[in-house]
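Below you'll find the structure, written out as structure tokens, and then a few comments.
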Amino acid sequence: MHVQGTALQANDCRLFATRRKRPIPDGWVTGEELSTFDTAFSSDHLYPGSSEVVLNEAGDLALFGGADGVAGVYSLSQQKVVQALKAGSAVTATAWWGDRAIVGTAAGHVKIFEGGNEIAQLGAHAGPVTSISLHPSGAVLASGSADKRFAFYDLSTFKTVSQVYTEADVSCCSFHVDGLLFFVGSSDGKIRIFDVKTGSNMVELETGGAVKAIAFNENGTWFAVVHAGSSNVSVWDIRKQNVVKVLDAGSAVESAKWDYTGQFLAAAGSGSVSVHQYTKSSKSWSEPVRKAVPAKDVAWGASAHQLVALTPEGGLSVLGAS
């Protein structure tokens with residue numbers, strides 16, 4: 001692994017220290033409870049071709065869509081689709097902006113829906129949108145595309161405020177949890193880290209394989225990297241800019257997501273869903289959950305008491321304590 005570019009500034013790293021000291025919220029799931037997780041219910045095959053699922057802040061509404069150009073808002077409590085959103089072409093990325101649904105498409109558009117109605121269409125990539133990310137402030141949205149570009153949009157005006165050309169396709173992209181940095185993963189095996197304010201490329205990390213997904217730990221210092229075709233998830237330290245742990249998920253990993261507390265990392269694999277737990281007191285890792293539920297993506301429910309898996313057939317399987 002090789003690092004190119006200017007090192008991240010010391011004051012950037014000092015910002016992460018306060019995040020690492022945050023208490024775990026009352027009522028949050030424990031490792032013991034996670035070990036009892038099993039499939040609580042599964043939906044029908046709703047949106048074949050789906051690749052990504054996201055939950056709203058309350059943890060009840062799941063947003064995902066498929067190859068037919070329709071995205072759905074699925075209520076976990078009601079176990080049914082409560083809104084159908086017409087995206088116009090295959091749905092390739094999803095995000096929530098408060099109670100508004102955001103959808104990226106294969107036609108290169110980003111669409112915003114409110115109350116089931118489209119209220120804005122942002123940008124126009126020359127290739128499919130591969131990833132969208134909301135800034136922690138909620139004021140800016142980013143999209144990345146196979147056209148080797150990412151764009152930032154002002155959500156108060158729905159206008160494009162900047163576009164940056166990268167040297168490779170953007171397979172995934174995300175704002176860092178502190179909002180100062182923007183990470184771009186590509187099939188050339190590199191993660192390029194940009195300064196959000198200036199758009200300058202600060203650091204390039206050579207990861208050793210085509211980057212499929214990036215997920216940030218809320219502690220601000222760790223992020224997980226998923227490589228195409230690999231059964232491993234690599235945990236990186238942004239301060240050291242290297243791998244601190246490699247976790248085996250048992251099958252080819254499609255995505256990985258940290259819970260809010262940063263204790264648990266869920267991995268969606270072609271053969272299973274697994275959760276890896278980091279215990280800070282002993283600085284050790286364990287695996288409280290591995291279930292034979294094939295998944296394209298995974299999302300944490302309210303207080304991490306549910307784990308929502310997007311199945312390869314475009315449905316949902318919800319895991320919870322038995």
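By convention in this document, the chains of the structure tokens carry letters A, B, ... by their order, each chain's residues are numbered from 1, and ligands are numbered from 1 in the order they are shown.
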- Exercise: Gly138 (chain A) partners within 9 Å, only C-alpha atoms, chain neighbours under 5 positions left out, as a PyMOL selection string: chain A and resi 97-98+155
- Message: Need to verify the contact set: Leu265 (chain A), 8 Å, only C-alpha atoms, exclusion of same-chain residues closer than 6 positions in sequence. Can you return it as a PyMOL selection string?
- Response: chain A and resi 256-259+275-277
Considering only C-alpha atoms, return as a PDB file with N, CA, C and O atoms, in the first residue's frame whatever protein or nucleic-acid residues lie within 8 Å of Ala267 (chain A), sequence-local ones (same chain, fewer than 6 positions apart) excluded.
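As written to disk, out.pdb reads:
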```pdb
ATOM      1  N   VAL A 233     -12.952  -7.286   4.579  1.00  0.00           N
ATOM      2  CA  VAL A 233     -13.183  -5.859   4.783  1.00  0.00           C
ATOM      3  C   VAL A 233     -11.956  -5.310   5.494  1.00  0.00           C
ATOM      4  O   VAL A 233     -11.565  -5.830   6.541  1.00  0.00           O
ATOM      5  N   ALA A 249     -15.274 -11.858   6.046  1.00  0.00           N
ATOM      6  CA  ALA A 249     -16.732 -11.970   6.093  1.00  0.00           C
ATOM      7  C   ALA A 249     -17.232 -13.301   5.555  1.00  0.00           C
ATOM      8  O   ALA A 249     -18.437 -13.567   5.595  1.00  0.00           O
ATOM      9  N   VAL A 253     -17.780  -9.675  -0.399  1.00  0.00           N
ATOM     10  CA  VAL A 253     -18.484  -8.590   0.289  1.00  0.00           C
ATOM     11  C   VAL A 253     -18.947  -7.547  -0.730  1.00  0.00           C
ATOM     12  O   VAL A 253     -18.209  -7.143  -1.623  1.00  0.00           O
ATOM     13  N   GLU A 254     -20.197  -7.132  -0.560  1.00  0.00           N
ATOM     14  CA  GLU A 254     -20.777  -6.105  -1.425  1.00  0.00           C
ATOM     15  C   GLU A 254     -20.725  -4.726  -0.774  1.00  0.00           C
ATOM     16  O   GLU A 254     -20.547  -3.716  -1.458  1.00  0.00           O
ATOM     17  N   SER A 255     -20.913  -4.666   0.539  1.00  0.00           N
ATOM     18  CA  SER A 255     -20.877  -3.391   1.250  1.00  0.00           C
ATOM     19  C   SER A 255     -20.646  -3.645   2.728  1.00  0.00           C
ATOM     20  O   SER A 255     -20.761  -4.778   3.209  1.00  0.00           O
ATOM     21  N   ALA A 256     -20.340  -2.566   3.459  1.00  0.00           N
ATOM     22  CA  ALA A 256     -20.144  -2.650   4.909  1.00  0.00           C
ATOM     23  C   ALA A 256     -20.638  -1.354   5.537  1.00  0.00           C
ATOM     24  O   ALA A 256     -20.499  -0.285   4.950  1.00  0.00           O
ATOM     25  N   LYS A 257     -21.214  -1.442   6.734  1.00  0.00           N
ATOM     26  CA  LYS A 257     -21.756  -0.269   7.413  1.00  0.00           C
ATOM     27  C   LYS A 257     -21.452  -0.351   8.913  1.00  0.00           C
ATOM     28  O   LYS A 257     -21.706  -1.373   9.554  1.00  0.00           O
ATOM     29  N   VAL A 273     -24.690 -12.377   5.952  1.00  0.00           N
ATOM     30  CA  VAL A 273     -24.566 -11.095   6.636  1.00  0.00           C
ATOM     31  C   VAL A 273     -23.815 -11.365   7.934  1.00  0.00           C
ATOM     32  O   VAL A 273     -24.153 -12.300   8.673  1.00  0.00           O
ATOM     33  N   SER A 274     -22.795 -10.562   8.205  1.00  0.00           N
ATOM     34  CA  SER A 274     -22.020 -10.755   9.428  1.00  0.00           C
ATOM     35  C   SER A 274     -21.828  -9.414  10.126  1.00  0.00           C
ATOM     36  O   SER A 274     -21.906  -8.359   9.502  1.00  0.00           O
ATOM     37  N   VAL A 275     -21.593  -9.483  11.428  1.00  0.00           N
ATOM     38  CA  VAL A 275     -21.293  -8.294  12.211  1.00  0.00           C
ATOM     39  C   VAL A 275     -20.018  -8.546  12.991  1.00  0.00           C
ATOM     40  O   VAL A 275     -19.882  -9.571  13.678  1.00  0.00           O
ATOM     41  N   ASP A 297     -26.537  -5.264   0.236  1.00  0.00           N
ATOM     42  CA  ASP A 297     -26.269  -4.119   1.090  1.00  0.00           C
ATOM     43  C   ASP A 297     -26.911  -4.378   2.439  1.00  0.00           C
ATOM     44  O   ASP A 297     -27.729  -5.311   2.596  1.00  0.00           O
ATOM     45  N   VAL A 298     -26.577  -3.539   3.418  1.00  0.00           N
ATOM     46  CA  VAL A 298     -27.107  -3.713   4.766  1.00  0.00           C
ATOM     47  C   VAL A 298     -27.218  -2.343   5.421  1.00  0.00           C
ATOM     48  O   VAL A 298     -26.461  -1.421   5.100  1.00  0.00           O
TER      49      VAL A 298
END
```
- Pick out the closest residue to Ala90 (chain A) from this set: A:Ser77, A:Ser51, A:Gly59, A:His125. Count only C-alpha atoms. A:Ser51
- Message: Applying 7 Å and only C-alpha atoms, which residues near region 220-224 of chain A remain after dropping the ones on its own chain fewer than 4 positions away? List them as number ranges by chain.
- Response: A: 16, 19, 177, 214-216, 233-239
Keeping only C-alpha atoms, write those residues as a PDB file, in the first residue's frame.
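Result went into selection.pdb, see below:
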```pdb
ATOM      1  CA  PHE A  16     -11.534  13.289  15.746  1.00  0.00           C
ATOM      2  CA  ARG A  19     -15.776  11.865  18.624  1.00  0.00           C
ATOM      3  CA  VAL A 177     -18.181  12.385   9.230  1.00  0.00           C
ATOM      4  CA  ILE A 214     -16.188   3.015   1.787  1.00  0.00           C
ATOM      5  CA  ALA A 215     -17.831   3.346   5.212  1.00  0.00           C
ATOM      6  CA  PHE A 216     -16.812   5.743   7.978  1.00  0.00           C
ATOM      7  CA  VAL A 233     -13.183  -5.859   4.783  1.00  0.00           C
ATOM      8  CA  SER A 234     -10.160  -3.685   5.521  1.00  0.00           C
ATOM      9  CA  VAL A 235     -10.296  -1.226   8.409  1.00  0.00           C
ATOM     10  CA  TRP A 236      -8.091   1.816   7.820  1.00  0.00           C
ATOM     11  CA  ASP A 237      -6.872   4.479  10.241  1.00  0.00           C
ATOM     12  CA  ILE A 238      -7.080   7.921   8.650  1.00  0.00           C
ATOM     13  CA  ARG A 239      -4.313   9.274  10.893  1.00  0.00           C
TER      14      ARG A 239
END
```
- What's the 7 Å shell around Val82 (chain A), counting only C-alpha atoms, without same-chain residues fewer than 4 positions away, as a ChimeraX atom specification? /A:73-75
- Quick one: residues within 8 Å of Gly262 (chain A), only C-alpha atoms counted, chain neighbours fewer than 5 positions away excluded, as an MDAnalysis selection string? chainID A and resid 217:219
Selection from above, C-alpha atoms, as a short mmCIF file (atom, residue, chain, number, x, y, z; two decimals), in the first residue's frame, can you write it?
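Written file, selection11.cif:
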```
data_model
loop_
_atom_site.label_atom_id
_atom_site.label_comp_id
_atom_site.auth_asym_id
_atom_site.auth_seq_id
_atom_site.Cartn_x
_atom_site.Cartn_y
_atom_site.Cartn_z
CA ASN A 217 -16.76 4.92 11.66
CA GLU A 218 -18.37 7.71 13.69
CA ASN A 219 -15.18 7.94 15.79
#
```
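Across A:Thr198, A:Thr160, A:Thr30, A:Gln79, the tightest approach to Phe264 (chain A) is made by A:Thr30 when counting only C-alpha atoms.
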- Query: Can you list, as a ChimeraX atom specification, every protein, DNA or RNA residue that comes within 12 Å of Gly229 (chain A) when you count only C-alpha atoms, leaving out same-chain residues fewer than 6 positions away?
  - Reply: /A:187,209-213,249-255,269-270
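With distances restricted to only C-alpha atoms, A:Thr92 is the closest residue to Gly127 (chain A) from A:Ser156, A:Thr92, A:Ser174, A:Ser35.
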